[in-house]
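Since the structure comes first, as structure tokens, the remarks are kept for the end.
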Amino acid sequence: MLRLTVRLILWLQLIQVSWVSVYGCEPFGPRPRRGLETVKQWRRLEFGFANAQDRLKAEAAGNLQPEVSTPVDVDVHYKVNGQRRIFVTIPRFGKGVPYTLALVTDQQTRNGPVLMPYPNFAWHNNNNNCDSITSVYNVAISECNELWVMDSGIIDGQQICPPQLLKFDLSNDRLLHRFRLPNNTYIPHASLLIAPNLLVQDPPPCGKCKHTMIYIPDCRFHGLVMYDHQINAAWRAEHRFMYPDPDYGRYTIAGESFTLMNGIFAASNDKRNLYFHPKASVSEYAVPLSVLNRRENWANSVDAMEDQFKLLGKRNSQCAASAMDSHNNLYCVNFNPIQLFAWNTKTPYTKRYFINLPGNASELEFVSGIKVVRNPMGQEELWLCSIRFQKFFKRIMDFNEINRNVHCTENFSHTKDVALKHSLNPIAAAAPSQLDLRLWTQIAWSTTWSSVGGSQGVASLRVWLCKCAGSSAS
């Protein structure tokens, strides 16, 4: 029966290839867009409130100053019914920010769409209440329908509360878990914990979402924190590759320059390695996840595994946020010249293997947040938040202009093709009898799943395969 399923999947793939070659379009839906679409944009942020009382509280506390606020990160949640929710973070660089995590509404004003606090205004720390949310730079949504919030605890450069991880259930927006980071994982008043990168080791539909690893960059004190949700413990690693390079601490974006010595800023994983870079650097580095995940490796020293970190190569310019798709393409936007590009982890990290992607440079000035999101049709979307940080940093923003953008594109089909070429050619060259048939079936199916039956069809087939293979997960 399993072999028959393999033949059926390959037959469907052949139909798809033949159809495209004859008709120039996908048989089961439109071809993916290749360019970026601007989904939301602001001149300055518009903070909304559920009632007049909440607004008055923010105004009375001096926490309603949109001109000192900017979004930094974006993530997207698709509900079961297909409705989309866009999350943005607004760190408290200074006083004047009424809430630090928000949903973008469809209500439009002259300045841009109205924001609403998530999960509600009472959750946001305006009175030094460390059971609330203090200041968020980044969030991450897992395939388990959970929102992980990395609360830095810092307002205006001061450590008001200990940093904490919060996990919300996106089906009802209730808090599921809180983890306050222990003192040995960060340096109070020096560290800045941002950009949690998730690895769900038992994802649905076969897994039960009980084992999630989270990798958290400390961009201001040059370290990396690992959090194991299963055992509810965290530990810290440090390496010289996480430090800023003084030769690249000055940035020039769209002709304007500023200096900022940030260390490790972005981290992404392909389930084997963690890929990272400091913001003040043009180098990309990697370290095996097996090294980071073993708590005992770091019990005696935070820099115990120095030889496990590798330099992969260099870019022509600094970049900030990055994100990895399911085909192991790593996305980033160079600062100078401004260019969105992708690199596949199965290739050398050199310019020859960088794939430049379409995007208007004027709309990609300092991309501070990037996410890869799977939509209800099973397609991967690339979401970006660009903020003209060079103007915000120097306080020279013109609020008659568009200063913040949220962009989206469905999966870039040409980068997907490159990834498939690297990942599937070795398998295609081997005889089926030499392969793990279950694995081969899942890989073959992954090339057609976005065109055949959508996400529900894929989920049901994956469950069936897991059960056929005798997996205990369901």
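Starting from 1 in every chain, residues are counted up; chains themselves are A, B, ... following the order of the structure tokens, and ligands are numbered from 1 as listed.
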
Expected answer as number ranges by chain: alpha helix (DSSP H) residues in range 25-75 of chain A: A: 52-60

Please write the residues from the selection above to a file, keeping N, CA, C and O atoms, as a PDB file, in the first residue's frame.
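Listing of again-v7.pdb after writing:
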```
ATOM      1  N   ALA A  52     -12.288  54.405  26.282  1.00  0.00           N
ATOM      2  CA  ALA A  52     -11.719  55.727  26.569  1.00  0.00           C
ATOM      3  C   ALA A  52     -10.907  55.720  27.857  1.00  0.00           C
ATOM      4  O   ALA A  52      -9.931  56.478  27.987  1.00  0.00           O
ATOM      5  N   GLN A  53     -11.273  54.879  28.805  1.00  0.00           N
ATOM      6  CA  GLN A  53     -10.561  54.835  30.077  1.00  0.00           C
ATOM      7  C   GLN A  53      -9.111  54.399  29.888  1.00  0.00           C
ATOM      8  O   GLN A  53      -8.194  54.973  30.496  1.00  0.00           O
ATOM      9  N   ASP A  54      -8.879  53.392  29.038  1.00  0.00           N
ATOM     10  CA  ASP A  54      -7.512  52.937  28.777  1.00  0.00           C
ATOM     11  C   ASP A  54      -6.687  54.033  28.112  1.00  0.00           C
ATOM     12  O   ASP A  54      -5.509  54.243  28.449  1.00  0.00           O
ATOM     13  N   ARG A  55      -7.301  54.760  27.196  1.00  0.00           N
ATOM     14  CA  ARG A  55      -6.577  55.857  26.539  1.00  0.00           C
ATOM     15  C   ARG A  55      -6.199  56.933  27.542  1.00  0.00           C
ATOM     16  O   ARG A  55      -5.076  57.456  27.530  1.00  0.00           O
ATOM     17  N   LEU A  56      -7.111  57.275  28.425  1.00  0.00           N
ATOM     18  CA  LEU A  56      -6.838  58.305  29.425  1.00  0.00           C
ATOM     19  C   LEU A  56      -5.713  57.872  30.363  1.00  0.00           C
ATOM     20  O   LEU A  56      -4.881  58.693  30.760  1.00  0.00           O
ATOM     21  N   LYS A  57      -5.678  56.592  30.720  1.00  0.00           N
ATOM     22  CA  LYS A  57      -4.594  56.082  31.565  1.00  0.00           C
ATOM     23  C   LYS A  57      -3.247  56.253  30.875  1.00  0.00           C
ATOM     24  O   LYS A  57      -2.259  56.667  31.499  1.00  0.00           O
ATOM     25  N   ALA A  58      -3.186  55.922  29.583  1.00  0.00           N
ATOM     26  CA  ALA A  58      -1.936  56.052  28.843  1.00  0.00           C
ATOM     27  C   ALA A  58      -1.507  57.502  28.739  1.00  0.00           C
ATOM     28  O   ALA A  58      -0.325  57.844  28.933  1.00  0.00           O
ATOM     29  N   GLU A  59      -2.455  58.386  28.466  1.00  0.00           N
ATOM     30  CA  GLU A  59      -2.135  59.811  28.345  1.00  0.00           C
ATOM     31  C   GLU A  59      -1.657  60.381  29.680  1.00  0.00           C
ATOM     32  O   GLU A  59      -0.685  61.138  29.735  1.00  0.00           O
ATOM     33  N   ALA A  60      -2.329  60.028  30.765  1.00  0.00           N
ATOM     34  CA  ALA A  60      -1.974  60.563  32.082  1.00  0.00           C
ATOM     35  C   ALA A  60      -0.587  60.118  32.514  1.00  0.00           C
ATOM     36  O   ALA A  60       0.128  60.852  33.216  1.00  0.00           O
TER      37      ALA A  60
END
```

Who sits within 8 Å of Tyr99 in chain A, only C-alpha atoms, same chain under 3 positions skipped, as a compact mmCIF listing (two decimals) with all heavy atoms, in the first residue's frame:
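Ended up saving to selection.txt:
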```
# COMPACT_ATOMS: atom_id res chain seq x y z
N ILE A 90 6.50 46.76 19.47
CA ILE A 90 6.92 48.17 19.60
C ILE A 90 7.76 48.28 20.87
O ILE A 90 7.21 48.49 21.96
CB ILE A 90 5.72 49.14 19.67
CG1 ILE A 90 4.72 48.87 18.53
CG2 ILE A 90 6.20 50.58 19.61
CD1 ILE A 90 3.43 48.25 18.99
N ALA A 102 1.26 44.33 19.70
CA ALA A 102 -0.02 44.79 19.15
C ALA A 102 -0.46 43.94 17.98
O ALA A 102 0.35 43.28 17.31
CB ALA A 102 0.10 46.25 18.71
N PRO A 117 -3.80 46.65 21.53
CA PRO A 117 -2.87 45.91 22.39
C PRO A 117 -3.20 44.42 22.43
O PRO A 117 -4.37 44.03 22.40
CB PRO A 117 -3.09 46.56 23.76
CG PRO A 117 -4.46 47.15 23.70
CD PRO A 117 -4.65 47.58 22.29
N PHE A 121 -4.93 45.71 26.99
CA PHE A 121 -4.14 46.80 27.55
C PHE A 121 -3.67 46.51 28.97
O PHE A 121 -2.58 46.93 29.38
CB PHE A 121 -4.98 48.09 27.52
CG PHE A 121 -4.23 49.30 28.01
CD1 PHE A 121 -3.16 49.81 27.29
CD2 PHE A 121 -4.60 49.94 29.18
CE1 PHE A 121 -2.47 50.93 27.73
CE2 PHE A 121 -3.92 51.06 29.64
CZ PHE A 121 -2.85 51.55 28.91
N HIS A 124 -0.05 45.20 29.76
CA HIS A 124 1.17 45.95 29.45
C HIS A 124 1.63 46.78 30.64
O HIS A 124 0.85 47.51 31.26
CB HIS A 124 0.95 46.79 28.19
CG HIS A 124 0.82 45.92 26.98
ND1 HIS A 124 1.89 45.58 26.17
CD2 HIS A 124 -0.24 45.26 26.49
CE1 HIS A 124 1.47 44.76 25.23
NE2 HIS A 124 0.18 44.55 25.39
N ASN A 125 2.92 46.64 30.92
CA ASN A 125 3.51 47.13 32.16
C ASN A 125 3.70 48.65 32.12
O ASN A 125 4.64 49.16 31.53
CB ASN A 125 4.85 46.43 32.40
CG ASN A 125 5.50 46.85 33.70
OD1 ASN A 125 4.94 47.61 34.46
ND2 ASN A 125 6.68 46.33 33.96
```

Selection: 10 Å around Pro246 in chain A, only C-alpha atoms, excl. self and same-chain fewer than 2 positions, as a PyMOL selection string: chain A and resi 243-244+248-250+259-262+280-281

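We find CA of Val114 in chain A and CA of Asn138 in chain A to be spaced 19.8 Å apart.
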
Within 7 Å of Pro98 in chain A using only C-alpha atoms, minus same-chain residues under 2 positions, as a list in words: Ala58, Asn63, Leu64, Gly96 and Thr100 of chain A

Those selected residues, please, written with N, CA, C and O atoms and delivered as a PDB file, in the first residue's frame.
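In the end it all went to part_26.pdb:
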```pdb
ATOM      1  N   ALA A  58      -3.186  55.922  29.583  1.00  0.00           N
ATOM      2  CA  ALA A  58      -1.936  56.052  28.843  1.00  0.00           C
ATOM      3  C   ALA A  58      -1.507  57.502  28.739  1.00  0.00           C
ATOM      4  O   ALA A  58      -0.325  57.844  28.933  1.00  0.00           O
ATOM      5  N   ASN A  63       2.401  58.020  28.362  1.00  0.00           N
ATOM      6  CA  ASN A  63       2.739  56.869  27.529  1.00  0.00           C
ATOM      7  C   ASN A  63       1.978  56.829  26.212  1.00  0.00           C
ATOM      8  O   ASN A  63       1.683  55.754  25.683  1.00  0.00           O
ATOM      9  N   LEU A  64       1.670  57.977  25.668  1.00  0.00           N
ATOM     10  CA  LEU A  64       1.014  58.015  24.367  1.00  0.00           C
ATOM     11  C   LEU A  64       1.691  59.069  23.501  1.00  0.00           C
ATOM     12  O   LEU A  64       1.198  60.170  23.303  1.00  0.00           O
ATOM     13  N   GLY A  96       6.640  56.703  26.496  1.00  0.00           N
ATOM     14  CA  GLY A  96       5.722  57.178  25.465  1.00  0.00           C
ATOM     15  C   GLY A  96       5.038  56.078  24.685  1.00  0.00           C
ATOM     16  O   GLY A  96       4.211  56.359  23.820  1.00  0.00           O
ATOM     17  N   THR A 100       3.470  47.358  24.052  1.00  0.00           N
ATOM     18  CA  THR A 100       4.678  46.940  23.340  1.00  0.00           C
ATOM     19  C   THR A 100       4.452  45.759  22.396  1.00  0.00           C
ATOM     20  O   THR A 100       5.355  45.365  21.673  1.00  0.00           O
TER      21      THR A 100
END
```

Which of range 119-365 of chain A DSSP labels strand (DSSP E), written as a PDB file with C-alpha atoms, in the first residue's frame:
```pdb
ATOM      1  CA  VAL A 136       9.175  43.287  23.454  1.00  0.00           C
ATOM      2  CA  TYR A 137      11.543  43.387  20.507  1.00  0.00           C
ATOM      3  CA  ASN A 138      10.605  40.073  18.888  1.00  0.00           C
ATOM      4  CA  VAL A 139       8.061  37.282  18.913  1.00  0.00           C
ATOM      5  CA  ALA A 140       7.786  33.890  17.204  1.00  0.00           C
ATOM      6  CA  ILE A 141       4.767  31.767  16.288  1.00  0.00           C
ATOM      7  CA  GLU A 146       1.476  29.168  20.054  1.00  0.00           C
ATOM      8  CA  LEU A 147       2.922  32.676  20.295  1.00  0.00           C
ATOM      9  CA  TRP A 148       6.263  32.975  22.094  1.00  0.00           C
ATOM     10  CA  VAL A 149       7.023  36.476  23.395  1.00  0.00           C
ATOM     11  CA  MET A 150      10.553  37.491  24.403  1.00  0.00           C
ATOM     12  CA  ASP A 151      10.051  40.270  26.948  1.00  0.00           C
ATOM     13  CA  ILE A 154      14.024  46.966  29.548  1.00  0.00           C
ATOM     14  CA  ILE A 155      12.559  50.464  29.256  1.00  0.00           C
ATOM     15  CA  GLN A 158      17.057  50.373  32.136  1.00  0.00           C
ATOM     16  CA  GLN A 159      16.391  46.823  33.371  1.00  0.00           C
ATOM     17  CA  GLN A 164      10.957  36.511  30.533  1.00  0.00           C
ATOM     18  CA  LEU A 165       9.516  34.176  27.925  1.00  0.00           C
ATOM     19  CA  LEU A 166       5.739  34.073  27.626  1.00  0.00           C
ATOM     20  CA  LYS A 167       3.762  31.490  25.676  1.00  0.00           C
ATOM     21  CA  PHE A 168       0.200  32.294  24.557  1.00  0.00           C
ATOM     22  CA  ASP A 169      -2.387  29.914  23.124  1.00  0.00           C
ATOM     23  CA  ARG A 174      -4.556  32.935  27.102  1.00  0.00           C
ATOM     24  CA  LEU A 175      -1.177  32.627  28.772  1.00  0.00           C
ATOM     25  CA  LEU A 176       0.030  29.014  28.794  1.00  0.00           C
ATOM     26  CA  HIS A 177       3.491  29.373  30.278  1.00  0.00           C
ATOM     27  CA  ARG A 178       5.887  31.917  31.792  1.00  0.00           C
ATOM     28  CA  PHE A 179       9.627  31.445  32.233  1.00  0.00           C
ATOM     29  CA  ARG A 180      11.723  34.096  33.954  1.00  0.00           C
ATOM     30  CA  ASN A 197      14.280  31.254  17.219  1.00  0.00           C
ATOM     31  CA  LEU A 198      12.162  28.124  17.680  1.00  0.00           C
ATOM     32  CA  LEU A 199      12.796  24.453  17.031  1.00  0.00           C
ATOM     33  CA  VAL A 200       9.765  22.268  17.745  1.00  0.00           C
ATOM     34  CA  THR A 212      10.562  22.976  21.992  1.00  0.00           C
ATOM     35  CA  MET A 213      14.030  24.514  21.992  1.00  0.00           C
ATOM     36  CA  ILE A 214      14.366  28.305  21.828  1.00  0.00           C
ATOM     37  CA  TYR A 215      17.578  30.127  20.894  1.00  0.00           C
ATOM     38  CA  ILE A 216      17.740  33.753  22.091  1.00  0.00           C
ATOM     39  CA  PRO A 217      20.449  36.218  20.987  1.00  0.00           C
ATOM     40  CA  ASP A 218      21.859  38.668  23.522  1.00  0.00           C
ATOM     41  CA  GLY A 223      25.871  35.748  23.989  1.00  0.00           C
ATOM     42  CA  LEU A 224      23.227  33.166  23.181  1.00  0.00           C
ATOM     43  CA  VAL A 225      20.645  31.722  25.574  1.00  0.00           C
ATOM     44  CA  MET A 226      19.173  28.247  25.031  1.00  0.00           C
ATOM     45  CA  TYR A 227      15.824  27.401  26.602  1.00  0.00           C
ATOM     46  CA  ASP A 228      14.548  23.816  26.768  1.00  0.00           C
ATOM     47  CA  ALA A 233      15.639  25.223  32.007  1.00  0.00           C
ATOM     48  CA  ALA A 234      17.950  27.706  30.288  1.00  0.00           C
ATOM     49  CA  TRP A 235      21.709  28.081  29.872  1.00  0.00           C
ATOM     50  CA  ARG A 236      24.089  30.469  28.135  1.00  0.00           C
ATOM     51  CA  ALA A 237      26.837  30.226  25.536  1.00  0.00           C
ATOM     52  CA  ARG A 250      28.923  52.229  11.237  1.00  0.00           C
ATOM     53  CA  TYR A 251      25.997  51.767   8.861  1.00  0.00           C
ATOM     54  CA  THR A 252      25.037  53.676   5.758  1.00  0.00           C
ATOM     55  CA  ILE A 253      21.433  53.170   4.630  1.00  0.00           C
ATOM     56  CA  GLU A 256      22.430  58.298   5.842  1.00  0.00           C
ATOM     57  CA  SER A 257      24.959  56.991   8.370  1.00  0.00           C
ATOM     58  CA  PHE A 258      24.875  56.122  12.075  1.00  0.00           C
ATOM     59  CA  THR A 259      26.921  54.023  14.511  1.00  0.00           C
ATOM     60  CA  ILE A 264      24.615  38.728  17.636  1.00  0.00           C
ATOM     61  CA  PHE A 265      21.320  39.948  16.241  1.00  0.00           C
ATOM     62  CA  ALA A 266      19.648  37.154  14.296  1.00  0.00           C
ATOM     63  CA  ALA A 267      19.537  33.372  14.580  1.00  0.00           C
ATOM     64  CA  SER A 268      17.886  30.770  12.342  1.00  0.00           C
ATOM     65  CA  ASN A 269      18.052  26.991  12.251  1.00  0.00           C
ATOM     66  CA  ASN A 273      22.729  23.965  12.702  1.00  0.00           C
ATOM     67  CA  LEU A 274      22.092  27.414  14.091  1.00  0.00           C
ATOM     68  CA  TYR A 275      23.069  30.203  11.683  1.00  0.00           C
ATOM     69  CA  PHE A 276      23.745  33.634  13.156  1.00  0.00           C
ATOM     70  CA  HIS A 277      25.460  36.973  12.657  1.00  0.00           C
ATOM     71  CA  PRO A 278      26.123  40.147  14.655  1.00  0.00           C
ATOM     72  CA  SER A 283      30.170  37.487   8.476  1.00  0.00           C
ATOM     73  CA  GLU A 284      27.786  34.541   8.816  1.00  0.00           C
ATOM     74  CA  TYR A 285      28.483  31.793  11.343  1.00  0.00           C
ATOM     75  CA  ALA A 286      27.109  28.378  12.270  1.00  0.00           C
ATOM     76  CA  VAL A 287      27.198  25.981  15.212  1.00  0.00           C
ATOM     77  CA  PRO A 288      25.617  22.488  15.467  1.00  0.00           C
ATOM     78  CA  LYS A 310      32.469  27.957  12.225  1.00  0.00           C
ATOM     79  CA  LEU A 311      32.825  30.954   9.941  1.00  0.00           C
ATOM     80  CA  LEU A 312      30.742  30.252   6.813  1.00  0.00           C
ATOM     81  CA  GLY A 313      31.663  33.289   4.737  1.00  0.00           C
ATOM     82  CA  LYS A 314      31.108  36.998   4.259  1.00  0.00           C
ATOM     83  CA  CYS A 319      22.217  42.908   7.461  1.00  0.00           C
ATOM     84  CA  ALA A 320      19.880  42.700  10.456  1.00  0.00           C
ATOM     85  CA  ALA A 321      17.008  40.198  10.734  1.00  0.00           C
ATOM     86  CA  SER A 322      16.995  36.847   8.973  1.00  0.00           C
ATOM     87  CA  ALA A 323      14.623  33.893   8.550  1.00  0.00           C
ATOM     88  CA  MET A 324      14.784  30.322   7.226  1.00  0.00           C
ATOM     89  CA  ASN A 329      16.849  29.117   2.269  1.00  0.00           C
ATOM     90  CA  LEU A 330      18.083  31.863   4.598  1.00  0.00           C
ATOM     91  CA  TYR A 331      16.698  35.357   3.853  1.00  0.00           C
ATOM     92  CA  CYS A 332      18.245  38.702   4.787  1.00  0.00           C
ATOM     93  CA  VAL A 333      18.376  42.282   3.468  1.00  0.00           C
ATOM     94  CA  ASN A 334      21.746  43.938   2.932  1.00  0.00           C
ATOM     95  CA  PHE A 335      22.041  47.536   4.121  1.00  0.00           C
ATOM     96  CA  ILE A 338      19.781  47.603  -0.096  1.00  0.00           C
ATOM     97  CA  GLN A 339      19.070  44.125  -1.442  1.00  0.00           C
ATOM     98  CA  LEU A 340      16.842  41.258  -0.331  1.00  0.00           C
ATOM     99  CA  PHE A 341      18.654  37.985  -0.960  1.00  0.00           C
ATOM    100  CA  ALA A 342      18.469  34.286  -0.146  1.00  0.00           C
ATOM    101  CA  TRP A 343      21.155  31.682   0.428  1.00  0.00           C
ATOM    102  CA  ASN A 344      20.679  27.928   0.659  1.00  0.00           C
ATOM    103  CA  ILE A 355      20.020  34.798  -4.953  1.00  0.00           C
ATOM    104  CA  ASN A 356      18.935  38.416  -5.289  1.00  0.00           C
TER     105      ASN A 356
END
```
